[in-house]
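> Quick one, protein_39.cif (mmCIF, C-alpha atoms and all ligand atoms):
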data_coords
loop_
_atom_site.label_atom_id
_atom_site.label_comp_id
_atom_site.auth_asym_id
_atom_site.auth_seq_id
_atom_site.Cartn_x
_atom_site.Cartn_y
_atom_site.Cartn_z
CA MET A 1160 -45.13 87.22 -13.61
CA PHE A 1161 -42.62 89.58 -15.16
CA VAL A 1162 -41.21 90.39 -11.74
CA VAL A 1163 -40.95 86.73 -10.81
CA SER A 1164 -39.03 85.81 -13.96
CA ARG A 1165 -36.66 88.70 -13.38
CA LEU A 1166 -36.10 87.57 -9.83
CA VAL A 1167 -35.27 84.07 -11.09
CA LEU A 1168 -32.84 85.51 -13.63
CA LEU A 1169 -31.31 87.70 -11.00
CA SER A 1170 -30.86 84.88 -8.50
CA THR A 1171 -29.21 82.75 -11.17
CA ALA A 1172 -26.77 85.55 -11.87
CA VAL A 1173 -26.19 85.91 -8.14
CA LEU A 1174 -25.37 82.22 -7.77
CA VAL A 1175 -22.92 82.35 -10.67
CA ALA A 1176 -21.46 85.51 -9.18
CA ALA A 1177 -21.05 83.87 -5.76
CA GLY A 1178 -18.92 81.16 -7.39
CA VAL A 1179 -16.75 83.75 -9.11
CA VAL A 1180 -16.38 85.59 -5.82
CA ALA A 1181 -15.33 82.50 -3.87
CA VAL A 1182 -12.55 81.86 -6.38
CA SER A 1183 -11.43 85.48 -6.68
CA GLN A 1184 -11.39 86.00 -2.93
CA SER A 1185 -9.13 83.05 -2.38
CA LEU A 1186 -6.72 84.56 -4.91
CA ASN A 1187 -6.76 88.14 -3.63
CA ALA A 1188 -5.77 89.35 -0.22
CA GLN A 1189 -7.83 92.37 0.91
CA SER A 1190 -5.90 95.51 0.06
CA ALA A 1191 -6.25 98.94 1.65
CA PHE A 1192 -8.04 101.59 -0.35
CA GLN A 1193 -6.38 104.73 -1.71
CA ALA A 1194 -7.82 108.20 -2.26
CA PRO A 1195 -9.57 108.00 -5.65
CA VAL A 1196 -8.54 111.54 -6.64
CA ASN A 1197 -4.95 111.68 -7.88
CA ASP A 1198 -2.86 112.88 -10.84
CA GLU A 1199 -4.15 110.09 -13.02
CA HIS A 1200 -7.75 110.59 -11.95
CA PRO A 1201 -8.52 114.31 -11.65
CA PHE A 1202 -12.07 115.61 -11.89
CA VAL A 1203 -12.94 116.51 -15.47
CA ARG A 1204 -16.41 117.87 -16.17
CA PRO A 1205 -18.38 115.98 -18.85
CA LYS A 1206 -18.37 117.67 -22.23
CA ALA A 1207 -21.23 117.92 -24.71
CA GLY A 1208 -21.94 114.53 -26.21
CA ASP A 1209 -20.61 112.48 -23.28
CA ASP A 1210 -23.03 109.91 -21.89
CA ARG A 1211 -24.04 110.24 -18.27
CA SER A 1212 -26.69 108.48 -16.12
CA PRO A 1213 -29.01 109.30 -13.24
CA CYS A 1214 -26.53 107.49 -10.96
CA PRO A 1215 -24.25 109.91 -9.12
CA ALA A 1216 -21.76 107.10 -8.46
CA LEU A 1217 -21.29 106.00 -12.07
CA ASN A 1218 -21.12 109.63 -13.23
CA THR A 1219 -18.43 110.34 -10.63
CA LEU A 1220 -16.42 107.36 -11.88
CA ALA A 1221 -16.66 108.67 -15.47
CA ASN A 1222 -15.81 112.24 -14.41
CA HIS A 1223 -12.61 110.95 -12.77
CA GLY A 1224 -11.70 108.62 -15.62
CA TYR A 1225 -12.23 105.37 -13.73
CA LEU A 1226 -14.83 104.70 -16.41
CA PRO A 1227 -14.30 106.01 -19.96
CA HIS A 1228 -14.87 109.77 -19.74
CA ASN A 1229 -17.36 109.74 -22.62
CA GLY A 1230 -19.43 107.16 -20.72
CA ARG A 1231 -19.36 104.62 -23.53
CA GLY A 1232 -17.77 101.24 -24.22
CA ILE A 1233 -17.64 100.30 -20.53
CA SER A 1234 -16.18 96.80 -20.14
CA HIS A 1235 -16.90 94.44 -17.27
CA SER A 1236 -13.46 94.88 -15.75
CA GLN A 1237 -13.70 98.67 -15.98
CA LEU A 1238 -17.05 98.66 -14.17
CA PHE A 1239 -15.92 96.11 -11.59
CA ASN A 1240 -12.54 97.72 -10.85
CA SER A 1241 -13.94 101.23 -10.75
CA LEU A 1242 -16.49 100.26 -8.10
CA ARG A 1243 -13.68 98.76 -6.04
CA GLU A 1244 -11.18 101.58 -6.50
CA GLY A 1245 -13.60 104.49 -6.39
CA PHE A 1246 -16.01 103.42 -3.67
CA GLY A 1247 -14.24 100.56 -1.89
CA LEU A 1248 -16.83 97.93 -2.72
CA SER A 1249 -15.94 94.39 -1.67
CA HIS A 1250 -15.31 91.74 -4.32
CA THR A 1251 -18.64 90.17 -3.47
CA LEU A 1252 -20.69 93.35 -3.71
CA ALA A 1253 -18.97 94.57 -6.88
CA THR A 1254 -19.63 91.17 -8.44
CA LEU A 1255 -23.28 91.13 -7.40
CA LEU A 1256 -23.94 94.68 -8.62
CA THR A 1257 -22.24 94.23 -11.98
CA PHE A 1258 -23.79 90.84 -12.85
CA GLY A 1259 -27.10 91.90 -11.31
CA SER A 1260 -27.12 94.92 -13.63
CA TYR A 1261 -26.35 92.89 -16.78
CA THR A 1262 -29.23 90.60 -15.85
CA LEU A 1263 -31.70 93.43 -15.30
CA LEU A 1264 -30.55 95.22 -18.44
CA ARG A 1265 -30.56 91.94 -20.41
CA GLN A 1266 -27.37 93.21 -21.94
CA ALA A 1267 -23.73 92.19 -21.63
CA PRO A 1268 -20.81 94.63 -21.56
CA PRO A 1269 -19.55 96.76 -23.21
CA LEU A 1270 -22.24 99.11 -21.95
CA SER A 1271 -22.76 102.85 -22.13
CA LEU A 1272 -24.10 104.98 -19.31
CA LEU A 1273 -27.13 105.48 -21.55
CA ASP A 1274 -27.67 101.68 -21.74
CA ILE A 1275 -27.45 101.50 -17.96
CA SER A 1276 -30.10 104.23 -17.66
CA ARG A 1277 -32.82 102.44 -19.62
CA HIS A 1278 -36.08 102.72 -17.70
CA GLY A 1279 -37.23 99.44 -16.17
CA GLY A 1280 -33.78 97.83 -16.15
CA VAL A 1281 -31.96 99.16 -13.12
CA GLU A 1282 -33.53 102.59 -13.55
CA HIS A 1283 -36.80 103.08 -11.69
CA ASN A 1284 -39.45 105.63 -10.75
CA CYS A 1285 -39.60 107.51 -7.45
CA SER A 1286 -35.95 108.63 -7.55
CA LEU A 1287 -34.98 110.89 -4.69
CA ALA A 1288 -33.22 113.65 -6.57
CA HIS A 1289 -33.94 113.01 -10.25
CA ARG A 1290 -37.14 113.44 -12.18
CA ASP A 1291 -38.50 110.22 -13.59
CA ILE A 1292 -39.50 109.36 -17.14
CA MET A 1293 -42.06 111.89 -18.34
CA GLN A 1294 -44.31 109.51 -20.25
CA VAL A 1295 -44.94 105.78 -20.41
CA ASP A 1296 -43.21 105.42 -23.78
CA TYR A 1297 -40.03 107.27 -22.81
CA GLU A 1298 -37.01 105.01 -22.73
CA TYR A 1299 -34.68 107.17 -20.61
CA PRO A 1300 -35.19 109.51 -17.66
CA PRO A 1301 -33.56 112.95 -17.30
CA MET A 1302 -29.91 112.42 -16.33
CA ASN A 1303 -29.37 115.66 -14.46
CA LEU A 1304 -30.12 116.35 -10.84
CA ASP A 1305 -33.40 118.12 -10.13
CA SER A 1306 -32.63 120.98 -7.77
CA CYS A 1307 -36.17 121.10 -6.41
CA LEU A 1308 -36.15 117.39 -5.49
CA MET A 1309 -32.64 117.79 -4.11
CA GLN A 1310 -33.84 120.57 -1.81
CA LYS A 1311 -36.68 118.36 -0.60
CA LEU A 1312 -34.25 115.55 0.12
CA VAL A 1313 -31.95 117.82 2.11
CA ALA A 1314 -34.98 119.23 3.95
CA GLU A 1315 -35.71 115.75 5.35
CA SER A 1316 -32.73 116.16 7.67
CA GLN A 1317 -34.05 116.61 11.21
CA ASP A 1318 -30.91 118.23 12.60
CA GLY A 1319 -29.92 120.21 9.50
CA GLU A 1320 -26.46 118.63 9.51
CA PHE A 1321 -26.86 114.96 8.67
CA LEU A 1322 -29.19 112.74 6.67
CA ASP A 1323 -29.79 109.55 8.66
CA VAL A 1324 -31.61 106.25 8.08
CA GLU A 1325 -34.90 107.69 9.30
CA ASP A 1326 -34.58 110.79 7.07
CA VAL A 1327 -33.85 108.57 4.07
CA ALA A 1328 -36.88 106.42 4.90
CA ARG A 1329 -39.12 109.49 5.13
CA ALA A 1330 -37.81 110.74 1.77
CA ARG A 1331 -38.50 107.37 0.14
CA VAL A 1332 -42.04 107.15 1.56
CA ARG A 1333 -42.71 110.68 0.31
CA ARG A 1334 -41.51 109.85 -3.21
CA GLU A 1335 -43.22 106.46 -3.39
CA SER A 1336 -46.56 107.84 -2.24
CA ALA A 1337 -46.60 110.72 -4.77
CA PRO A 1338 -49.92 110.81 -6.68
CA GLU A 1339 -48.32 110.20 -10.11
CA TYR A 1340 -47.28 106.70 -9.02
CA LYS A 1341 -50.69 105.67 -7.71
CA ASN A 1342 -51.25 103.41 -10.72
CA ALA A 1343 -47.60 102.41 -11.19
CA PRO A 1344 -46.09 101.66 -7.78
CA LEU A 1345 -42.46 100.49 -7.58
CA ASP A 1346 -42.22 96.71 -7.85
CA ALA A 1347 -40.56 94.85 -4.99
CA LEU A 1348 -37.23 94.47 -6.77
CA HIS A 1349 -36.89 98.15 -7.70
CA ALA A 1350 -38.04 99.22 -4.24
CA GLU A 1351 -35.15 97.11 -2.89
CA ILE A 1352 -32.73 98.65 -5.40
CA ALA A 1353 -33.85 102.15 -4.41
CA ARG A 1354 -33.20 101.42 -0.71
CA GLY A 1355 -29.90 99.81 -1.68
CA GLU A 1356 -28.72 102.99 -3.41
CA MET A 1357 -29.02 105.08 -0.27
CA SER A 1358 -27.76 102.25 1.92
CA LEU A 1359 -24.56 102.33 -0.17
CA VAL A 1360 -24.29 106.08 0.25
CA LEU A 1361 -24.73 105.89 4.05
CA GLY A 1362 -22.09 103.16 4.28
CA ILE A 1363 -19.54 104.58 1.86
CA PHE A 1364 -19.64 108.28 2.74
CA GLY A 1365 -20.99 107.93 6.26
CA ASP A 1366 -20.83 105.51 9.14
CA GLY A 1367 -23.73 103.39 7.89
CA LYS A 1368 -26.18 105.40 9.99
CA ARG A 1369 -25.90 108.93 8.63
CA ILE A 1370 -24.10 111.10 6.10
CA SER A 1371 -23.13 114.75 6.37
CA LEU A 1372 -25.45 116.97 4.30
CA ASP A 1373 -22.46 118.95 2.99
CA VAL A 1374 -20.85 115.79 1.63
CA LEU A 1375 -24.14 114.55 0.18
CA LYS A 1376 -24.88 117.87 -1.54
CA ASP A 1377 -21.37 118.30 -2.90
CA TRP A 1378 -21.33 114.75 -4.26
CA PHE A 1379 -24.83 114.74 -5.79
CA GLU A 1380 -24.45 118.22 -7.30
CA ASN A 1381 -20.94 117.94 -8.71
CA GLU A 1382 -20.52 114.19 -9.19
CA ARG A 1383 -16.94 114.34 -8.04
CA PHE A 1384 -15.18 112.58 -5.17
CA PRO A 1385 -15.08 114.67 -2.00
CA GLU A 1386 -11.78 116.52 -1.50
CA GLY A 1387 -9.27 114.40 0.42
CA TRP A 1388 -11.73 111.54 0.88
CA LYS A 1389 -10.97 107.86 0.56
CA PRO A 1390 -13.13 104.78 1.05
CA GLU A 1391 -12.71 103.15 4.42
CA GLY A 1392 -14.20 100.03 2.85
CA PRO A 1393 -14.66 97.38 2.08
CA GLN A 1394 -18.33 98.17 1.59
CA GLY A 1395 -19.70 94.65 1.60
CA PHE A 1396 -22.93 92.92 0.75
CA PHE A 1397 -24.12 92.25 4.32
CA LYS A 1398 -23.46 95.77 5.49
CA THR A 1399 -25.38 97.15 2.50
CA PHE A 1400 -28.22 94.67 2.94
CA THR A 1401 -28.51 95.33 6.68
CA THR A 1402 -28.79 99.10 6.28
CA ALA A 1403 -31.30 98.63 3.45
CA ARG A 1404 -33.38 96.51 5.86
CA LYS A 1405 -33.26 99.29 8.43
CA ILE A 1406 -34.48 101.77 5.82
CA ARG A 1407 -37.31 99.38 4.94
CA ASP A 1408 -38.30 98.89 8.60
CA GLU A 1409 -38.34 102.66 9.12
CA MET A 1410 -40.44 103.11 5.96
CA ASN A 1411 -42.97 100.58 7.26
CA ARG A 1412 -43.10 102.33 10.61
CA ILE A 1413 -43.62 105.74 8.97
CA ARG A 1414 -46.36 104.36 6.68
CA LYS A 1415 -48.20 102.86 9.66
CA GLN A 1416 -48.15 106.17 11.47
CA GLY A 1417 -49.80 107.61 8.33
C1 LIG B 1 -23.03 98.41 -11.07
C2 LIG B 1 -23.16 99.45 -10.26
C3 LIG B 1 -24.26 100.48 -10.38
C4 LIG B 1 -25.20 100.65 -11.36
C5 LIG B 1 -25.40 99.86 -12.64
C6 LIG B 1 -26.02 101.78 -10.96
C7 LIG B 1 -27.08 102.28 -11.69
C8 LIG B 1 -27.96 103.25 -11.24
C9 LIG B 1 -29.11 103.71 -11.96
C10 LIG B 1 -29.58 103.24 -13.33
C11 LIG B 1 -29.72 104.63 -11.19
C12 LIG B 1 -31.00 105.39 -11.48
C13 LIG B 1 -32.09 104.86 -10.62
C14 LIG B 1 -33.17 105.85 -10.46
O1 LIG B 1 -34.04 105.88 -11.34
O2 LIG B 1 -33.15 106.61 -9.49
C15 LIG B 1 -28.96 104.77 -9.97
C16 LIG B 1 -29.27 105.63 -8.94
C17 LIG B 1 -28.49 105.80 -7.82
N1 LIG B 1 -27.29 105.21 -7.57
FE1 LIG B 1 -26.36 103.83 -8.73
N2 LIG B 1 -25.55 102.28 -9.77
C18 LIG B 1 -24.48 101.51 -9.38
C19 LIG B 1 -23.70 101.68 -8.26
C20 LIG B 1 -23.92 102.64 -7.30
C21 LIG B 1 -23.07 102.86 -6.14
C22 LIG B 1 -21.80 102.09 -5.82
C23 LIG B 1 -23.66 103.87 -5.43
C24 LIG B 1 -23.18 104.53 -4.16
C25 LIG B 1 -21.95 104.92 -3.97
C26 LIG B 1 -24.83 104.30 -6.14
C27 LIG B 1 -25.68 105.29 -5.72
C28 LIG B 1 -26.85 105.66 -6.35
C29 LIG B 1 -27.83 106.59 -5.81
C30 LIG B 1 -27.76 107.30 -4.47
C31 LIG B 1 -28.87 106.68 -6.73
C32 LIG B 1 -30.17 107.46 -6.57
C33 LIG B 1 -30.21 108.81 -7.18
C34 LIG B 1 -31.60 109.41 -6.95
O3 LIG B 1 -32.45 108.80 -6.30
O4 LIG B 1 -31.84 110.53 -7.43
N3 LIG B 1 -24.95 103.53 -7.27
N4 LIG B 1 -27.88 103.91 -10.04
C1 LIG B 2 -43.13 105.08 -14.05
O1 LIG B 2 -44.09 106.11 -13.85
C2 LIG B 2 -44.85 106.46 -15.00
C3 LIG B 2 -45.83 107.55 -14.60
O2 LIG B 2 -45.17 108.68 -14.17
C4 LIG B 2 -45.60 105.25 -15.50
O3 LIG B 2 -46.28 105.56 -16.71
C5 LIG B 2 -44.62 104.09 -15.75
O4 LIG B 2 -45.32 102.95 -16.13
C6 LIG B 2 -43.80 103.80 -14.51
N1 LIG B 2 -42.82 102.77 -14.78
C7 LIG B 2 -42.87 101.57 -14.22
C8 LIG B 2 -41.80 100.59 -14.62
O5 LIG B 2 -43.71 101.25 -13.41
#
Take the structure in this file and express it as structure tokens.
Ligand code: HEM
Ligand SMILES: *[C@@H]1O[C@H](CO)[C@@H](O)[C@H](O)[C@H]1NC(C)=O

Amino acid sequence: MFVVSRLVLLSTAVLVAAGVVAVSQSLNAQSAFQAPVNDEHPFVRPKAGDDRSPCPALNTLANHGYLPHNGRGISHSQLFNSLREGFGLSHTLATLLTFGSYTLLRQAPPLSLLDISRHGGVEHNCSLAHRDIMQVDYEYPPMNLDSCLMQKLVAESQDGEFLDVEDVARARVRRESAPEYKNAPLDALHAEIARGEMSLVLGIFGDGKRISLDVLKDWFENERFPEGWKPEGPQGFFKTFTTARKIRDEMNRIRKQG
């Protein structure tokens, strides 16, 4: 019931968002993307007291000052523009992700990275490289990367050089079938979000099919934009959705094989 009502809320937000997108796209010609690292946006490590999240993308944006460096008081336009400038998201996808998040969080901007990390909003169990909430009544998960989980993710690579759709699917099946989630499996919406996260990564830093392990490790571990990298973008909704479907199909195939 809870899931259904959230889906209804989400689809309402998506419809509103689609309207906003139609208008904004007619006003904006598609511009080429620039390297996100420059004099105005150098990498600056978070200092004690700064908010960060379990999302490597949002943390990167804060570390480079596309979001407030302390991770607090994030406005809608800061979140929207940073996703476009930092990762080359299309208008449509940036709109869907921002409004989708407000809906799931039941909170309007300004937001902090801590707000965004609240368990059960966008944040979910069975993360690939982060430990999950420790107990049922915890509100927030650990924000830092778990090196043991990270090693296991990297070890899914079959060729030792790239992580591809099939490797991602195997990693997700492994996490989702861990014994601690037997009584609390991911709901359909969060399972989709989890596939979406890696679909974005494959599309933005890779060719949609695979990503170099070096790039993945450097990005996850340091939460900074790769040296000399720029988004080829735009990373759009259909591209993201299509790769997420491929991950899902692979997961189903792997589960059937047992
Ligand atoms: C409005 C935009 C976004 C919001 C609110 C958001 C929020 C989050 C949150 C709360 C998590 C934690 C989920 C978990 O428990 O694992 C997460 C994870 C993740 N996000 Fe984001 N995110 C956004 C955009 C992006 C983008 C653009 C990318 C890719 C460039 C991305 C990549 C990831 C990845 C790969 C993870 C999984 C980390 C793991 O499994 O250990 N996110 N995101
Ligand atoms: C996440 O997993 C924990 C067990 O590790 C469980 O208590 C909790 O209910 C799960 N959260 C959701 C939203 O299912």
> Excluding Gly1365 (chain A) and its own-chain neighbours fewer than 6 positions away, which residues fall within 10 Å of it when counting all atoms listed in the file? Please give them as a list of chain:residue names.
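So the residues in contact are A:Phe1321, A:Leu1322, A:Asp1323, A:Ser1358, A:Leu1359, A:Ser1371, A:Val1374, A:Leu1375, A:Pro1390, A:Glu1391.
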> Step by step, measure atom-to-atom distances between ligand LIG 1 (chain B) and each residue using only C-alpha atoms and all ligand atoms, keep those at most 6 Å, then write them as a list in words.
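Every residue with an atom at most 6 Å from ligand LIG 1 (chain B) is listed here: Pro1213, Cys1214, Pro1215, Ala1216, Leu1256, Thr1257, Ser1260, Ile1275, Ser1276, Val1281, Glu1282, His1283, Asn1284, Ser1286, Leu1287, Ala1288, His1289, Glu1356, Met1357, Leu1359 and Val1360 of chain A.
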> Could you pull out the residues sitting within 10 Å of ligand LIG 2 (chain B), using only C-alpha atoms and all ligand atoms, and write them as a VMD selection string?
chain A and resid 1278 to 1280 1282 to 1285 1290 to 1297 1300 1337 to 1346 1349
> Restricted to C-alpha atoms, what would the selected residues look like written as a PDB file, in the frame of the given file?

ATOM      1  CA  HIS A1278     -36.080 102.720 -17.700  1.00  0.00           C
ATOM      2  CA  GLY A1279     -37.230  99.440 -16.170  1.00  0.00           C
ATOM      3  CA  GLY A1280     -33.780  97.830 -16.150  1.00  0.00           C
ATOM      4  CA  GLU A1282     -33.530 102.590 -13.550  1.00  0.00           C
ATOM      5  CA  HIS A1283     -36.800 103.080 -11.690  1.00  0.00           C
ATOM      6  CA  ASN A1284     -39.450 105.630 -10.750  1.00  0.00           C
ATOM      7  CA  CYS A1285     -39.600 107.510  -7.450  1.00  0.00           C
ATOM      8  CA  ARG A1290     -37.140 113.440 -12.180  1.00  0.00           C
ATOM      9  CA  ASP A1291     -38.500 110.220 -13.590  1.00  0.00           C
ATOM     10  CA  ILE A1292     -39.500 109.360 -17.140  1.00  0.00           C
ATOM     11  CA  MET A1293     -42.060 111.890 -18.340  1.00  0.00           C
ATOM     12  CA  GLN A1294     -44.310 109.510 -20.250  1.00  0.00           C
ATOM     13  CA  VAL A1295     -44.940 105.780 -20.410  1.00  0.00           C
ATOM     14  CA  ASP A1296     -43.210 105.420 -23.780  1.00  0.00           C
ATOM     15  CA  TYR A1297     -40.030 107.270 -22.810  1.00  0.00           C
ATOM     16  CA  PRO A1300     -35.190 109.510 -17.660  1.00  0.00           C
ATOM     17  CA  ALA A1337     -46.600 110.720  -4.770  1.00  0.00           C
ATOM     18  CA  PRO A1338     -49.920 110.810  -6.680  1.00  0.00           C
ATOM     19  CA  GLU A1339     -48.320 110.200 -10.110  1.00  0.00           C
ATOM     20  CA  TYR A1340     -47.280 106.700  -9.020  1.00  0.00           C
ATOM     21  CA  LYS A1341     -50.690 105.670  -7.710  1.00  0.00           C
ATOM     22  CA  ASN A1342     -51.250 103.410 -10.720  1.00  0.00           C
ATOM     23  CA  ALA A1343     -47.600 102.410 -11.190  1.00  0.00           C
ATOM     24  CA  PRO A1344     -46.090 101.660  -7.780  1.00  0.00           C
ATOM     25  CA  LEU A1345     -42.460 100.490  -7.580  1.00  0.00           C
ATOM     26  CA  ASP A1346     -42.220  96.710  -7.850  1.00  0.00           C
ATOM     27  CA  HIS A1349     -36.890  98.150  -7.700  1.00  0.00           C
TER      28      HIS A1349
END
> Please compute the CA of Leu1372 (chain A)-CA of Arg1404 (chain A) distance, one decimal, in Å.
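Separating CA of Leu1372 (chain A) from CA of Arg1404 (chain A) is a distance of 22.0 Å.
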> Report, in Å with one decimal, the straight-line distance from CA of Ile1233 (chain A) to CA of Leu1270 (chain A).
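Computing the Euclidean distance for CA of Ile1233 (chain A) and CA of Leu1270 (chain A) yields 5.0 Å.
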> Hey, which of A:Gln1394, A:Thr1401, A:Ser1316, A:Gln1193 ends up closest to Arg1369 (chain A)? Count all atoms listed in the file.
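The closest residue to Arg1369 (chain A) is A:Ser1316.
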> In terms of the shortest atom-to-atom distance over all atoms listed in the file, which of A:Val1203, A:Thr1399, A:Asp1274, A:Arg1407 is closest to Ala1347 (chain A)?
A:Arg1407
> CA of Ala1350 (chain A) and CA of Leu1226 (chain A), how far apart in Å?
26.8 Å
> Neighbours of His1200 (chain A) within 6 Å (all atoms listed in the file; same-chain residues fewer than 2 positions away dropped), as number ranges by chain?
A: 1196-1198, 1223-1224
> Using all atoms listed in the file, find the one residue out of A:Arg1412, A:Thr1402, A:Pro1393, A:Leu1308 that sits nearest to Lys1376 (chain A).
A:Leu1308
